[in-house]
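Visitor: protein-v3.cif is the file, holding mmCIF, C-alpha atoms:
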data_structure
#
loop_
_atom_site.label_atom_id
_atom_site.label_comp_id
_atom_site.auth_asym_id
_atom_site.auth_seq_id
_atom_site.Cartn_x
_atom_site.Cartn_y
_atom_site.Cartn_z
CA MET F 1 -77.43 32.22 16.50
CA ILE F 2 -75.62 31.92 19.84
CA PRO F 3 -72.93 34.54 20.47
CA PRO F 4 -69.53 32.86 19.98
CA ASP F 5 -68.38 33.91 23.45
CA ALA F 6 -71.34 32.44 25.35
CA VAL F 7 -69.69 29.08 25.96
CA ALA F 8 -66.30 30.72 26.49
CA VAL F 9 -67.68 32.77 29.40
CA SER F 10 -68.89 29.66 31.18
CA ALA F 11 -65.64 27.82 30.48
CA LEU F 12 -63.64 30.80 31.76
CA ALA F 13 -65.74 30.92 34.93
CA ALA F 14 -65.21 27.20 35.54
CA PHE F 15 -61.46 27.54 35.05
CA ALA F 16 -61.30 30.65 37.25
CA LEU F 17 -63.08 28.94 40.14
CA ASN F 18 -60.93 25.83 39.82
CA ALA F 19 -57.76 27.90 39.61
CA LEU F 20 -58.79 29.93 42.65
CA ALA F 21 -59.48 26.77 44.65
CA ALA F 22 -56.18 25.18 43.61
CA PHE F 23 -54.21 28.37 44.31
CA SER F 24 -55.83 28.82 47.72
CA LEU F 25 -55.15 25.26 48.83
CA ALA F 26 -51.56 25.30 47.54
CA LEU F 27 -50.85 28.67 49.16
CA LEU F 28 -52.22 27.47 52.48
CA VAL F 29 -50.02 24.35 52.32
CA VAL F 30 -46.94 26.47 51.62
CA LEU F 31 -47.64 28.89 54.46
CA LEU F 32 -48.19 26.04 56.91
CA LEU F 33 -45.19 23.93 55.88
CA ARG F 34 -42.50 26.53 55.19
CA HIS F 35 -41.25 26.77 58.78
CA PRO F 36 -41.29 23.00 59.53
CA LEU F 37 -39.58 22.28 56.20
CA ARG F 38 -37.01 25.00 56.88
CA ARG F 39 -36.12 23.36 60.21
CA LEU F 40 -35.96 19.93 58.59
CA ALA F 41 -34.08 20.55 55.35
CA GLY F 42 -32.78 24.11 55.37
CA MET F 43 -33.55 27.39 53.65
CA ARG F 44 -32.97 26.42 50.04
CA ILE F 45 -35.24 23.36 50.14
CA ALA F 46 -37.96 25.37 51.89
CA TYR F 47 -37.75 28.00 49.13
CA GLY F 48 -38.55 25.28 46.59
CA LEU F 49 -41.92 24.84 48.29
CA TRP F 50 -43.10 28.00 46.50
CA LEU F 51 -43.27 26.00 43.26
CA LEU F 52 -46.53 24.53 44.52
CA PRO F 53 -48.97 27.45 43.82
CA PRO F 54 -48.01 28.02 40.14
CA VAL F 55 -47.94 24.27 39.46
CA ALA F 56 -51.39 23.87 41.03
CA VAL F 57 -52.79 26.69 38.87
CA LEU F 58 -51.24 25.31 35.68
CA ALA F 59 -52.56 21.83 36.48
CA THR F 60 -56.12 23.15 36.31
CA LEU F 61 -55.42 24.28 32.74
CA TRP F 62 -53.57 21.19 31.54
CA THR F 63 -55.83 18.54 33.06
CA SER F 64 -58.79 18.30 30.69
CA PRO F 65 -60.17 14.77 30.20
CA ARG F 66 -62.83 14.40 27.49
CA PRO F 67 -66.38 13.71 28.66
CA ALA F 68 -67.66 10.33 27.54
CA SER F 69 -71.14 9.84 29.01
CA THR F 70 -73.83 9.71 26.33
CA ALA F 71 -77.42 10.89 26.50
CA LEU F 72 -80.34 9.93 24.29
CA PRO F 73 -79.52 11.37 20.82
CA TYR F 74 -81.82 13.43 18.68
CA HIS F 75 -82.32 12.26 15.09
CA LEU F 76 -83.71 15.21 13.16
CA ASP F 77 -85.67 14.75 9.96
CA ALA F 78 -85.74 17.84 7.78
CA GLY F 79 -89.18 16.87 6.50
CA MET F 80 -90.59 17.30 10.02
CA LEU F 81 -88.58 20.24 11.32
CA VAL F 82 -88.15 22.54 8.35
CA LEU F 83 -91.56 24.06 9.05
CA ALA F 84 -90.30 26.07 12.03
CA HIS F 85 -88.24 29.21 11.79
CA ALA F 86 -85.12 29.52 13.91
CA THR F 87 -85.95 31.16 17.23
CA PRO F 88 -83.56 33.52 19.00
CA ALA F 89 -81.35 31.92 21.63
CA HIS F 90 -82.27 32.44 25.26
CA GLY F 91 -79.79 32.16 28.07
CA ALA F 92 -76.65 32.19 25.97
CA THR F 93 -74.85 31.76 29.24
CA THR F 94 -76.57 30.13 32.17
CA MET F 95 -74.37 31.81 34.76
CA PRO F 96 -76.34 33.67 37.44
CA PRO F 97 -76.09 37.46 37.05
CA ALA F 98 -74.27 37.78 40.39
CA ALA F 99 -71.66 35.19 39.37
CA LEU F 100 -71.16 36.89 36.01
CA LEU F 101 -70.73 40.25 37.77
CA LEU F 102 -68.12 38.77 40.15
CA LEU F 103 -66.24 37.31 37.19
CA MET F 104 -66.22 40.70 35.45
CA VAL F 105 -64.99 42.40 38.65
CA TRP F 106 -62.25 39.78 38.97
CA ILE F 107 -61.08 40.32 35.38
CA ALA F 108 -61.23 44.11 35.72
CA GLY F 109 -59.27 43.97 38.97
CA SER F 110 -56.59 41.76 37.41
CA ALA F 111 -56.31 44.14 34.47
CA CYS F 112 -55.91 47.12 36.84
CA ALA F 113 -53.30 45.25 38.89
CA LEU F 114 -51.31 44.50 35.73
CA LEU F 115 -51.53 48.15 34.67
CA VAL F 116 -50.26 49.29 38.09
CA LEU F 117 -47.41 46.77 37.98
CA THR F 118 -46.48 47.86 34.46
CA GLY F 119 -46.57 51.53 35.47
CA ARG F 120 -44.34 50.98 38.50
CA TYR F 121 -41.90 48.93 36.44
CA ARG F 122 -41.70 51.56 33.68
CA ALA F 123 -41.16 54.29 36.28
CA LEU F 124 -38.32 52.24 37.75
CA ARG F 125 -36.75 51.76 34.33
CA ARG F 126 -36.93 55.50 33.66
CA GLY F 127 -34.97 56.11 36.89
CA LEU F 128 -32.03 53.95 35.77
CA HIS F 129 -28.73 55.55 34.75
CA ALA F 130 -25.50 54.18 33.39
CA LEU F 131 -22.68 53.67 35.87
CA PRO F 132 -19.75 56.09 35.59
CA VAL F 133 -16.97 54.47 33.58
CA ALA F 134 -14.48 54.66 36.46
CA MET F 135 -16.91 53.06 38.90
CA LEU F 136 -17.87 50.37 36.38
CA GLU F 137 -14.24 49.43 35.68
CA SER F 138 -13.38 49.45 39.38
CA VAL F 139 -16.24 47.13 40.29
CA ARG F 140 -15.54 44.70 37.45
CA ARG F 141 -11.78 44.67 38.12
CA GLN F 142 -11.93 44.21 41.90
CA HIS F 143 -14.72 41.65 42.02
CA ALA F 144 -14.27 39.74 38.76
CA LEU F 145 -17.88 40.17 37.68
CA PRO F 146 -18.84 38.21 34.57
CA ARG F 147 -18.89 40.35 31.44
CA THR F 148 -22.40 39.10 30.68
CA GLN F 149 -23.73 40.70 33.87
CA ARG F 150 -25.29 44.06 33.06
CA LEU F 151 -25.10 46.89 35.60
CA ALA F 152 -27.00 50.15 36.09
CA MET F 153 -27.26 52.87 38.71
CA HIS F 154 -30.35 53.50 40.87
CA PRO F 155 -30.73 55.13 44.30
CA ALA F 156 -32.72 52.15 45.64
CA GLY F 157 -29.94 49.65 44.88
CA PRO F 158 -28.33 47.24 45.45
CA ALA F 159 -30.90 44.99 43.79
CA LEU F 160 -31.29 42.51 40.94
CA LEU F 161 -33.99 43.56 38.47
CA TRP F 162 -35.90 41.56 35.87
CA ALA F 163 -35.26 43.50 32.68
CA PRO F 164 -35.91 40.76 31.19
CA ARG F 165 -32.24 39.78 31.39
CA PRO F 166 -31.11 40.19 35.01
CA LEU F 167 -29.88 43.75 35.60
CA LEU F 168 -27.78 44.54 38.68
CA LEU F 169 -28.62 47.91 40.23
CA LEU F 170 -26.02 49.73 42.33
CA PRO F 171 -26.47 52.99 44.28
CA PRO F 172 -24.41 56.03 43.19
CA ASP F 173 -22.29 55.88 46.39
CA PHE F 174 -21.67 52.13 46.22
CA THR F 175 -17.87 52.34 46.27
CA GLN F 176 -17.85 55.05 48.97
CA ARG F 177 -20.47 53.56 51.34
CA TYR F 178 -19.16 49.99 51.42
CA SER F 179 -15.72 48.57 52.00
CA THR F 180 -14.20 46.20 49.46
CA ALA F 181 -15.25 43.16 51.53
CA GLN F 182 -18.79 44.49 51.88
CA GLN F 183 -18.96 45.19 48.17
CA ALA F 184 -17.99 41.58 47.57
CA HIS F 185 -20.76 40.39 49.91
CA ILE F 186 -23.37 42.47 48.12
CA LEU F 187 -22.30 41.53 44.60
CA ARG F 188 -22.07 37.85 45.47
CA HIS F 189 -25.51 38.04 47.08
CA GLU F 190 -27.02 39.45 43.90
CA LEU F 191 -25.22 36.88 41.76
CA CYS F 192 -26.73 34.18 43.97
CA HIS F 193 -30.15 35.65 43.13
CA ARG F 194 -29.21 35.30 39.48
CA THR F 195 -28.11 31.69 40.01
CA GLN F 196 -31.47 30.86 41.59
CA GLY F 197 -33.32 32.48 38.69
CA ASP F 198 -35.03 34.87 41.08
CA ALA F 199 -35.59 37.52 38.41
CA TRP F 200 -37.98 35.13 36.64
CA TRP F 201 -39.53 33.84 39.86
CA ASN F 202 -40.28 37.43 40.87
CA LEU F 203 -42.00 37.98 37.54
CA LEU F 204 -44.11 34.84 38.00
CA ALA F 205 -45.00 35.86 41.56
CA ALA F 206 -46.02 39.33 40.37
CA LEU F 207 -48.25 37.89 37.63
CA LEU F 208 -49.93 35.48 40.06
CA GLY F 209 -50.40 38.37 42.48
CA ALA F 210 -52.13 40.37 39.74
CA LEU F 211 -54.32 37.41 38.77
CA PHE F 212 -55.42 36.70 42.35
CA TRP F 213 -55.36 40.32 43.50
CA MET F 214 -58.39 39.87 45.80
CA HIS F 215 -57.02 36.83 47.67
CA PRO F 216 -56.97 37.53 51.45
CA LEU F 217 -53.75 35.53 51.96
CA LEU F 218 -51.84 37.36 49.23
CA PRO F 219 -50.18 40.15 51.33
CA TRP F 220 -48.93 37.62 53.88
CA ALA F 221 -47.81 35.24 51.16
CA ARG F 222 -45.92 38.00 49.34
CA ARG F 223 -43.93 38.88 52.48
CA CYS F 224 -43.20 35.21 53.20
CA PHE F 225 -42.05 34.62 49.63
CA GLN F 226 -39.65 37.56 49.78
CA ILE F 227 -38.07 36.48 53.07
CA ASP F 228 -37.77 32.84 51.94
CA GLN F 229 -36.09 34.01 48.74
CA GLU F 230 -33.57 36.08 50.67
CA LEU F 231 -32.88 33.29 53.19
CA ALA F 232 -32.25 30.83 50.37
CA CYS F 233 -29.90 33.32 48.72
CA ASP F 234 -28.02 33.88 52.01
CA ALA F 235 -27.67 30.13 52.52
CA LEU F 236 -26.28 29.72 49.00
CA LEU F 237 -23.79 32.55 49.53
CA LEU F 238 -22.53 31.11 52.82
CA ARG F 239 -22.14 27.65 51.30
CA ARG F 240 -20.59 28.72 48.00
CA HIS F 241 -18.30 31.55 49.15
CA ARG F 242 -17.85 30.57 52.81
CA ALA F 243 -18.45 34.14 53.96
CA ALA F 244 -17.93 34.92 57.64
CA PRO F 245 -21.43 35.15 59.22
CA ARG F 246 -20.53 38.10 61.49
CA ALA F 247 -19.05 40.19 58.68
CA TYR F 248 -21.97 39.32 56.40
CA ALA F 249 -24.45 40.36 59.11
CA ASP F 250 -22.72 43.76 59.35
CA THR F 251 -23.13 44.17 55.60
CA LEU F 252 -26.84 43.38 55.82
CA LEU F 253 -27.29 45.98 58.57
CA LEU F 254 -25.49 48.63 56.53
CA ALA F 255 -27.37 47.80 53.29
CA ALA F 256 -30.83 47.67 54.85
CA THR F 257 -33.33 49.85 53.01
CA GLY F 258 -37.10 50.17 53.07
CA ALA F 259 -37.44 50.40 49.29
CA VAL F 260 -39.52 47.66 47.61
CA LEU F 261 -38.84 47.58 43.88
CA PRO F 262 -41.20 45.88 41.41
CA LEU F 263 -39.80 42.65 39.91
CA ALA F 264 -36.55 43.06 41.87
CA SER F 265 -34.67 41.35 44.71
CA GLY F 266 -32.98 43.66 47.20
CA VAL F 267 -30.12 42.93 49.57
CA ALA F 268 -31.94 43.63 52.82
CA HIS F 269 -35.24 45.00 54.06
CA PRO F 270 -35.43 46.18 57.70
CA ARG F 271 -38.32 43.80 58.48
CA GLN F 272 -36.23 40.84 57.28
CA LEU F 273 -33.05 41.56 59.23
CA LYS F 274 -33.90 39.78 62.48
CA GLU F 275 -34.84 36.52 60.78
CA ARG F 276 -31.96 36.63 58.31
CA ILE F 277 -29.29 37.36 60.91
CA ALA F 278 -30.66 34.57 63.11
CA MET F 279 -30.33 32.20 60.17
CA LEU F 280 -26.61 32.96 59.86
CA ALA F 281 -25.96 31.21 63.18
CA GLN F 282 -27.65 27.96 62.13
CA THR F 283 -25.69 24.92 61.04
CA PRO F 284 -26.23 23.55 57.52
CA ARG F 285 -28.60 20.60 57.23
CA SER F 286 -27.21 17.18 56.39
CA LEU F 287 -27.63 15.61 52.96
CA PRO F 288 -30.19 12.99 54.12
CA ARG F 289 -32.39 15.69 55.65
CA ARG F 290 -32.20 17.78 52.48
CA ALA F 291 -33.10 14.69 50.44
CA VAL F 292 -36.16 14.06 52.62
CA GLY F 293 -37.24 17.67 52.18
CA ALA F 294 -36.80 17.51 48.40
CA ALA F 295 -38.77 14.26 48.25
CA LEU F 296 -41.60 15.87 50.23
CA ILE F 297 -41.77 18.75 47.75
CA LEU F 298 -41.88 16.31 44.81
CA VAL F 299 -44.75 14.45 46.48
CA LEU F 300 -46.66 17.71 46.99
CA LEU F 301 -46.08 18.79 43.38
CA SER F 302 -47.24 15.42 42.07
CA GLY F 303 -50.30 15.59 44.29
CA ALA F 304 -51.12 19.07 42.98
CA VAL F 305 -51.04 17.80 39.40
CA LEU F 306 -53.05 14.64 40.09
CA ALA F 307 -55.64 16.20 42.41
CA ALA F 308 -56.11 19.59 40.78
CA PRO F 309 -59.73 20.37 39.82
CA SER F 310 -60.24 20.60 36.10
CA PRO F 311 -62.44 22.85 33.95
CA VAL F 312 -63.58 19.61 32.27
CA PRO F 313 -64.15 16.98 35.00
CA VAL F 314 -63.35 13.31 34.45
CA ALA F 315 -66.02 11.35 32.58
CA THR F 316 -68.75 10.14 34.88
CA HIS F 317 -68.40 6.47 34.00
CA THR F 318 -64.91 6.42 35.54
CA VAL F 319 -66.14 7.58 38.97
CA ALA F 320 -67.16 4.72 41.21
CA GLY F 321 -70.61 5.01 42.75
CA MET F 322 -71.83 7.80 40.45
CA ASN F 323 -74.96 7.63 38.33
CA PRO F 324 -74.33 9.70 35.17
CA PRO F 325 -76.67 12.55 34.20
CA THR F 326 -79.48 11.92 31.73
CA GLN F 327 -81.70 14.18 29.71
CA ASP F 328 -85.10 15.15 31.04
CA ILE F 329 -86.87 13.77 27.98
CA SER F 330 -90.32 15.01 29.01
CA PHE F 331 -88.96 18.57 28.91
CA ASN F 332 -86.28 18.45 26.21
CA ASN F 333 -88.52 16.75 23.66
CA THR F 334 -90.58 19.94 23.59
CA LEU F 335 -87.45 21.96 22.67
CA PRO F 336 -85.70 19.97 19.93
CA PRO F 337 -83.01 21.62 17.81
CA ARG F 338 -84.45 23.27 14.72
CA TYR F 339 -83.12 22.19 11.34
CA PRO F 340 -82.02 25.53 9.81
CA ILE F 341 -83.84 26.32 6.58
CA ASP F 342 -80.60 27.44 4.91
CA ALA F 343 -79.00 24.13 5.89
CA VAL F 344 -81.85 22.21 4.26
CA LYS F 345 -81.51 24.24 1.07
CA LYS F 346 -77.77 23.52 1.03
CA HIS F 347 -78.37 19.81 1.84
CA GLU F 348 -76.17 20.09 4.94
CA GLN F 349 -76.22 16.96 7.11
CA GLY F 350 -74.14 15.47 9.89
CA THR F 351 -73.90 14.83 13.60
CA VAL F 352 -73.05 17.50 16.16
CA PHE F 353 -71.57 16.28 19.44
CA LEU F 354 -72.12 18.57 22.41
CA ALA F 355 -70.41 18.32 25.79
CA VAL F 356 -72.75 19.73 28.44
CA LEU F 357 -71.73 20.46 32.03
CA VAL F 358 -74.88 19.63 34.01
CA GLY F 359 -75.22 21.44 37.34
CA THR F 360 -76.69 20.06 40.53
CA LYS F 361 -80.09 21.56 39.63
CA GLY F 362 -80.09 20.08 36.12
CA ALA F 363 -79.36 23.30 34.22
CA PRO F 364 -76.47 23.36 31.72
CA LEU F 365 -73.57 25.36 33.18
CA SER F 366 -71.30 25.12 30.14
CA ILE F 367 -71.81 23.85 26.59
CA ARG F 368 -69.18 23.22 23.95
CA GLN F 369 -68.84 21.32 20.72
CA VAL F 370 -66.74 18.14 20.81
CA GLN F 371 -64.58 17.65 17.73
CA LYS F 372 -64.69 14.09 16.39
CA PRO F 373 -62.55 12.49 13.67
CA GLY F 374 -63.92 12.75 10.16
CA PRO F 375 -65.97 15.42 8.36
CA GLN F 376 -67.16 18.24 10.61
CA PRO F 377 -70.80 19.41 10.62
CA ALA F 378 -71.67 22.77 9.10
CA GLN F 379 -71.63 25.78 11.40
CA ASP F 380 -75.38 26.33 10.93
CA LEU F 381 -76.03 22.90 12.42
CA VAL F 382 -73.64 23.57 15.31
CA ASN F 383 -75.33 26.90 16.07
CA ALA F 384 -78.79 25.28 16.02
CA SER F 385 -77.59 22.58 18.44
CA LEU F 386 -76.00 25.06 20.84
CA GLN F 387 -79.09 27.25 20.71
CA ALA F 388 -81.38 24.41 21.72
CA ALA F 389 -79.05 23.02 24.39
CA THR F 390 -79.07 26.28 26.37
CA GLN F 391 -82.79 25.71 27.08
CA TRP F 392 -82.60 22.02 27.99
CA HIS F 393 -82.92 20.41 31.40
CA PHE F 394 -81.23 17.28 32.70
CA LYS F 395 -81.45 14.87 35.58
CA PRO F 396 -78.12 15.59 37.31
CA ALA F 397 -75.58 12.95 38.18
CA THR F 398 -75.74 11.62 41.72
CA ARG F 399 -73.11 10.26 44.03
CA GLY F 400 -74.22 8.74 47.31
CA GLY F 401 -77.75 9.94 46.62
CA LYS F 402 -76.67 13.60 46.31
CA PRO F 403 -76.65 15.57 43.03
CA VAL F 404 -73.22 16.57 41.69
CA ALA F 405 -72.05 18.54 38.65
CA SER F 406 -70.87 16.36 35.79
CA TRP F 407 -70.35 16.35 32.03
CA ILE F 408 -72.55 14.55 29.52
CA GLU F 409 -72.09 14.11 25.78
CA VAL F 410 -75.13 14.61 23.55
CA PRO F 411 -74.98 13.62 19.86
CA ILE F 412 -77.46 15.44 17.58
CA THR F 413 -77.94 14.00 14.07
CA PHE F 414 -79.24 16.16 11.22
CA GLU F 415 -80.39 14.14 8.21
CA ILE F 416 -82.41 14.94 5.10
CA PRO F 417 -84.53 11.97 3.92
CA PRO F 418 -83.60 10.67 0.42
CA GLU F 419 -87.04 11.49 -0.96
CA LYS F 420 -86.63 15.12 0.09
CA THR F 421 -83.23 15.29 -1.58
CA SER F 422 -84.58 13.76 -4.79
CA ALA F 423 -87.57 16.11 -4.82
CA SER F 424 -85.32 19.09 -4.30
CA LYS F 425 -83.04 18.07 -7.16
CA ALA F 426 -86.02 17.51 -9.45
CA ALA F 427 -87.42 20.93 -8.60
CA HIS F 428 -84.15 22.57 -9.55
CA LYS F 429 -83.55 20.49 -12.69
CA PRO F 430 -83.51 22.76 -15.76
CA PRO F 431 -86.08 22.04 -18.50
CA ALA F 432 -84.92 20.07 -21.53
#
Translate this file's structure into structure tokens.

Guide:
Amino acid sequence: MIPPDAVAVSALAAFALNALAAFSLALLVVLLLRHPLRRLAGMRIAYGLWLLPPVAVLATLWTSPRPASTALPYHLDAGMLVLAHATPAHGATTMPPAALLLLMVWIAGSACALLVLTGRYRALRRGLHALPVAMLESVRRQHALPRTQRLAMHPAGPALLWAPRPLLLLPPDFTQRYSTAQQAHILRHELCHRTQGDAWWNLLAALLGALFWMHPLLPWARRCFQIDQELACDALLLRRHRAAPRAYADTLLLAATGAVLPLASGVAHPRQLKERIAMLAQTPRSLPRRAVGAALILVLLSGAVLAAPSPVPVATHTVAGMNPPTQDISFNNTLPPRYPIDAVKKHEQGTVFLAVLVGTKGAPLSIRQVQKPGPQPAQDLVNASLQAATQWHFKPATRGGKPVASWIEVPITFEIPPEKTSASKAAHKPPA
């Protein structure tokens, strides 16, 4: 019997590679286009470009067409095949040992990254304290904060924290360090983060960072994402509250801190100040230019969904110029599925449909059962089919004369001849 996770490992590896490819391409597009799009359409439109990596990764999970190519079926007669005992499965997963080791390292690294992120977040939460009542009432009264906005005290503030409801962090000396106008700038800045949904976007970015922890572009991308988020928030504040750029720049200089909080958006980081203050002197982009930028992002998102690689590629008959894979009959006929003895005794019959991902060398890379309408075959028959398929060989699909990986569907019919059924019933008929 094949271990139930054998096919899942291959499917997980296929999805991981496709997701990595989609994430890498989308991240590269974002890093290359963020500055040109910022000049064309402004900061807020350019910030929307960061939707591309998560959409590209999700597209690899959602896009799963069903394979439809059909190989020569096996029609198994219990009278011929019941003589053999079931043999143990070999090669439950056909992944090379090195590839399987890399997949395990990837999963272990992602788990460690999530544990580190969780530990840092819990440590941050333990450092939170309630605001003094006088300070809380003063801030709410002077700045008309919404009652639904929760506040807490932390030395690394001001910042907006995912908690999971947005939590506004203020330093203990907030009312002493900043003037009333500067307090208004800071609070409005954090409320703009809330309007943009940045608490949730930070969570998504952190999870993607943990999933692709080994990606070489990740540190650069993380810094670019943070600065684009802050620039978009500054642009929203200037447009919505019409703050004076010079006074707002003074606030940023005073609030600059080197602290980087997990799942939080701060007011200002020293490395961001030069770019953010330079942005304050720019004129807002016109509506037509913003519309062009938004249309470009929609085109990129649509392209990511339509062109994303899938764990289950499109059926071979829909690809022009491709010859679909076929079974290597001279080899596979020597390794037919064995009709399980228990299945014969129970008179279990039916057809098992297998979807096999055939690699460029003809070996099956992934095998799974395809569910069809109607009665489902017994699990013994499914296990026997999967066990045999791991040892098969195929003639791979070709495109332009070169072998390519592709899916093939193999139906396997298990049938007990009527005479065998009648003989079995007669043998078990009680004497009169």

Visitor: Range 166-179 of chain F: which residues within 6 Å, counting only C-alpha atoms, same-chain residues fewer than 6 positions away excluded, as a list in words?

Guide: Arg150, Leu151, Ala152, Met153, His154, Pro155, Gly157, Pro158, Ala159 and Leu160 of chain F

Visitor: Spell out the residues picked by the PyMOL selection byres ((chain F and resi 20-28) around 9) here, as number ranges by chain.

Guide: F: 15-19, 29-33, 50, 52-57, 59-60, 212, 215, 217-218, 221, 304, 308-309

Visitor: Can you translate the PyMOL selection byres ((chain F and resi 235) around 9) into the concrete residues it hits in this file, as a PyMOL selection string?

Guide: chain F and resi 42-44+230-234+236-240+279-280+284

Visitor: Based on the selection just made, write C-alpha atoms of those residues as a PDB file, in the coordinates of the input.

Guide:
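The result, written out as result_9.pdb:
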ATOM      1  CA  GLY F  42     -32.780  24.110  55.370  1.00  0.00           C
ATOM      2  CA  MET F  43     -33.550  27.390  53.650  1.00  0.00           C
ATOM      3  CA  ARG F  44     -32.970  26.420  50.040  1.00  0.00           C
ATOM      4  CA  GLU F 230     -33.570  36.080  50.670  1.00  0.00           C
ATOM      5  CA  LEU F 231     -32.880  33.290  53.190  1.00  0.00           C
ATOM      6  CA  ALA F 232     -32.250  30.830  50.370  1.00  0.00           C
ATOM      7  CA  CYS F 233     -29.900  33.320  48.720  1.00  0.00           C
ATOM      8  CA  ASP F 234     -28.020  33.880  52.010  1.00  0.00           C
ATOM      9  CA  LEU F 236     -26.280  29.720  49.000  1.00  0.00           C
ATOM     10  CA  LEU F 237     -23.790  32.550  49.530  1.00  0.00           C
ATOM     11  CA  LEU F 238     -22.530  31.110  52.820  1.00  0.00           C
ATOM     12  CA  ARG F 239     -22.140  27.650  51.300  1.00  0.00           C
ATOM     13  CA  ARG F 240     -20.590  28.720  48.000  1.00  0.00           C
ATOM     14  CA  MET F 279     -30.330  32.200  60.170  1.00  0.00           C
ATOM     15  CA  LEU F 280     -26.610  32.960  59.860  1.00  0.00           C
ATOM     16  CA  PRO F 284     -26.230  23.550  57.520  1.00  0.00           C
TER      17      PRO F 284
END

Visitor: Mind telling me what the PyMOL selection byres ((chain F and resi 110-115) around 12) catches here, as a PyMOL selection string?

Guide: chain F and resi 103-109+116-122+203+206-215+262

Visitor: Can you spit out the residues from that selection as a short mmCIF file (atom, residue, chain, number, x, y, z; two decimals), keeping the file's coordinate frame, using C-alpha atoms?

Guide:
data_model
loop_
_atom_site.label_atom_id
_atom_site.label_comp_id
_atom_site.auth_asym_id
_atom_site.auth_seq_id
_atom_site.Cartn_x
_atom_site.Cartn_y
_atom_site.Cartn_z
CA LEU F 103 -66.24 37.31 37.19
CA MET F 104 -66.22 40.70 35.45
CA VAL F 105 -64.99 42.40 38.65
CA TRP F 106 -62.25 39.78 38.97
CA ILE F 107 -61.08 40.32 35.38
CA ALA F 108 -61.23 44.11 35.72
CA GLY F 109 -59.27 43.97 38.97
CA VAL F 116 -50.26 49.29 38.09
CA LEU F 117 -47.41 46.77 37.98
CA THR F 118 -46.48 47.86 34.46
CA GLY F 119 -46.57 51.53 35.47
CA ARG F 120 -44.34 50.98 38.50
CA TYR F 121 -41.90 48.93 36.44
CA ARG F 122 -41.70 51.56 33.68
CA LEU F 203 -42.00 37.98 37.54
CA ALA F 206 -46.02 39.33 40.37
CA LEU F 207 -48.25 37.89 37.63
CA LEU F 208 -49.93 35.48 40.06
CA GLY F 209 -50.40 38.37 42.48
CA ALA F 210 -52.13 40.37 39.74
CA LEU F 211 -54.32 37.41 38.77
CA PHE F 212 -55.42 36.70 42.35
CA TRP F 213 -55.36 40.32 43.50
CA MET F 214 -58.39 39.87 45.80
CA HIS F 215 -57.02 36.83 47.67
CA PRO F 262 -41.20 45.88 41.41
#

Visitor: Ranking F:Arg399, F:His241, F:Ile412, F:Leu335 by minimum distance to Gln349 in chain F and counting all atoms listed in the file, which one comes first?

Guide: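 Checking each of F:Arg399, F:His241, F:Ile412, F:Leu335 against Gln349 in chain F, counting all atoms listed in the file, the winner is F:Ile412.
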
Visitor: Excluding same-chain residues fewer than 6 positions from Lys274 in chain F, what lies within 12 Å of it counting only C-alpha atoms, as a CSV table (one decimal) with C-alpha atoms, keeping the file's coordinate frame?

Guide:
chain,number,residue,atom,x,y,z
F,227,ILE,CA,-38.1,36.5,53.1
F,231,LEU,CA,-32.9,33.3,53.2
F,249,ALA,CA,-24.4,40.4,59.1
F,252,LEU,CA,-26.8,43.4,55.8
F,253,LEU,CA,-27.3,46.0,58.6
F,256,ALA,CA,-30.8,47.7,54.8
F,268,ALA,CA,-31.9,43.6,52.8
F,280,LEU,CA,-26.6,33.0,59.9
F,281,ALA,CA,-26.0,31.2,63.2

Visitor: May I have the residues within 9 Å of Val292 in chain F as a count of residues only, using all atoms listed in the file and disregarding those fewer than 4 positions away in the same chain?

Guide: 6

Visitor: Name the residues in contact with Pro364 in chain F at a cut-off of 9 Å, using all atoms listed in the file, excluding same-chain residues fewer than 5 positions from it; report them as a list of chain:residue names.

Guide: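 Surrounding residues, per the criterion: F:Thr93, F:Thr94, F:Val356, F:Leu357, F:Val358, F:Gly359, F:Ala389, F:Thr390, F:Gln391, F:Trp392, F:His393, F:Phe394.
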
Visitor: Please define a box with edges along x, y and z of the file around all atoms of range 257-274 of chain F given in the file, extend it by 8 Å on each side, and return its centre and edge lengths in Å to one decimal, as AutoDock Vina command-line options.

Guide:
--center_x -35.7 --center_y 45.1 --center_z 51.2 --size_x 27.1 --size_y 26.6 --size_z 38.6

Visitor: Find the residues near Gln229 in chain F: any atom within 12 Å, counting only C-alpha atoms, skip ones fewer than 5 places away on the same chain, and give them as a count of residues only.

Guide: 34

Visitor: Could you tell me how far CA of Ile186 in chain F sits from CA of Ala243 in chain F, in Å to one decimal place?

Guide: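 CA of Ile186 in chain F lies 11.3 Å from CA of Ala243 in chain F.
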
Visitor: Report the distance between CA of Ser286 in chain F and CA of Val305 in chain F in Å, rounded to one decimal place.

Guide: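 Atom-to-atom, CA of Ser286 in chain F and CA of Val305 in chain F are spaced 29.3 Å apart.
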
Visitor: Using CA of Ala123 in chain F and CA of Val139 in chain F as the two end points, give the distance in Å to one decimal.

Guide: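 CA of Val139 in chain F lies at a distance of 26.2 Å from CA of Ala123 in chain F.
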
Visitor: Which one of F:Val260, F:Ile341, F:Ile329, F:Ala13 sits closest to Leu101 in chain F if you count only C-alpha atoms?

Guide: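 Using only C-alpha atoms, the shortest distance to Leu101 in chain F belongs to F:Ala13.
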
Visitor: Pick from F:Leu12, F:Gly303, F:Pro216, F:Ile367: nearest to Leu100 in chain F, with all atoms listed in the file counted?

Guide: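 For Leu100 in chain F, the nearest of the given residues is F:Leu12.
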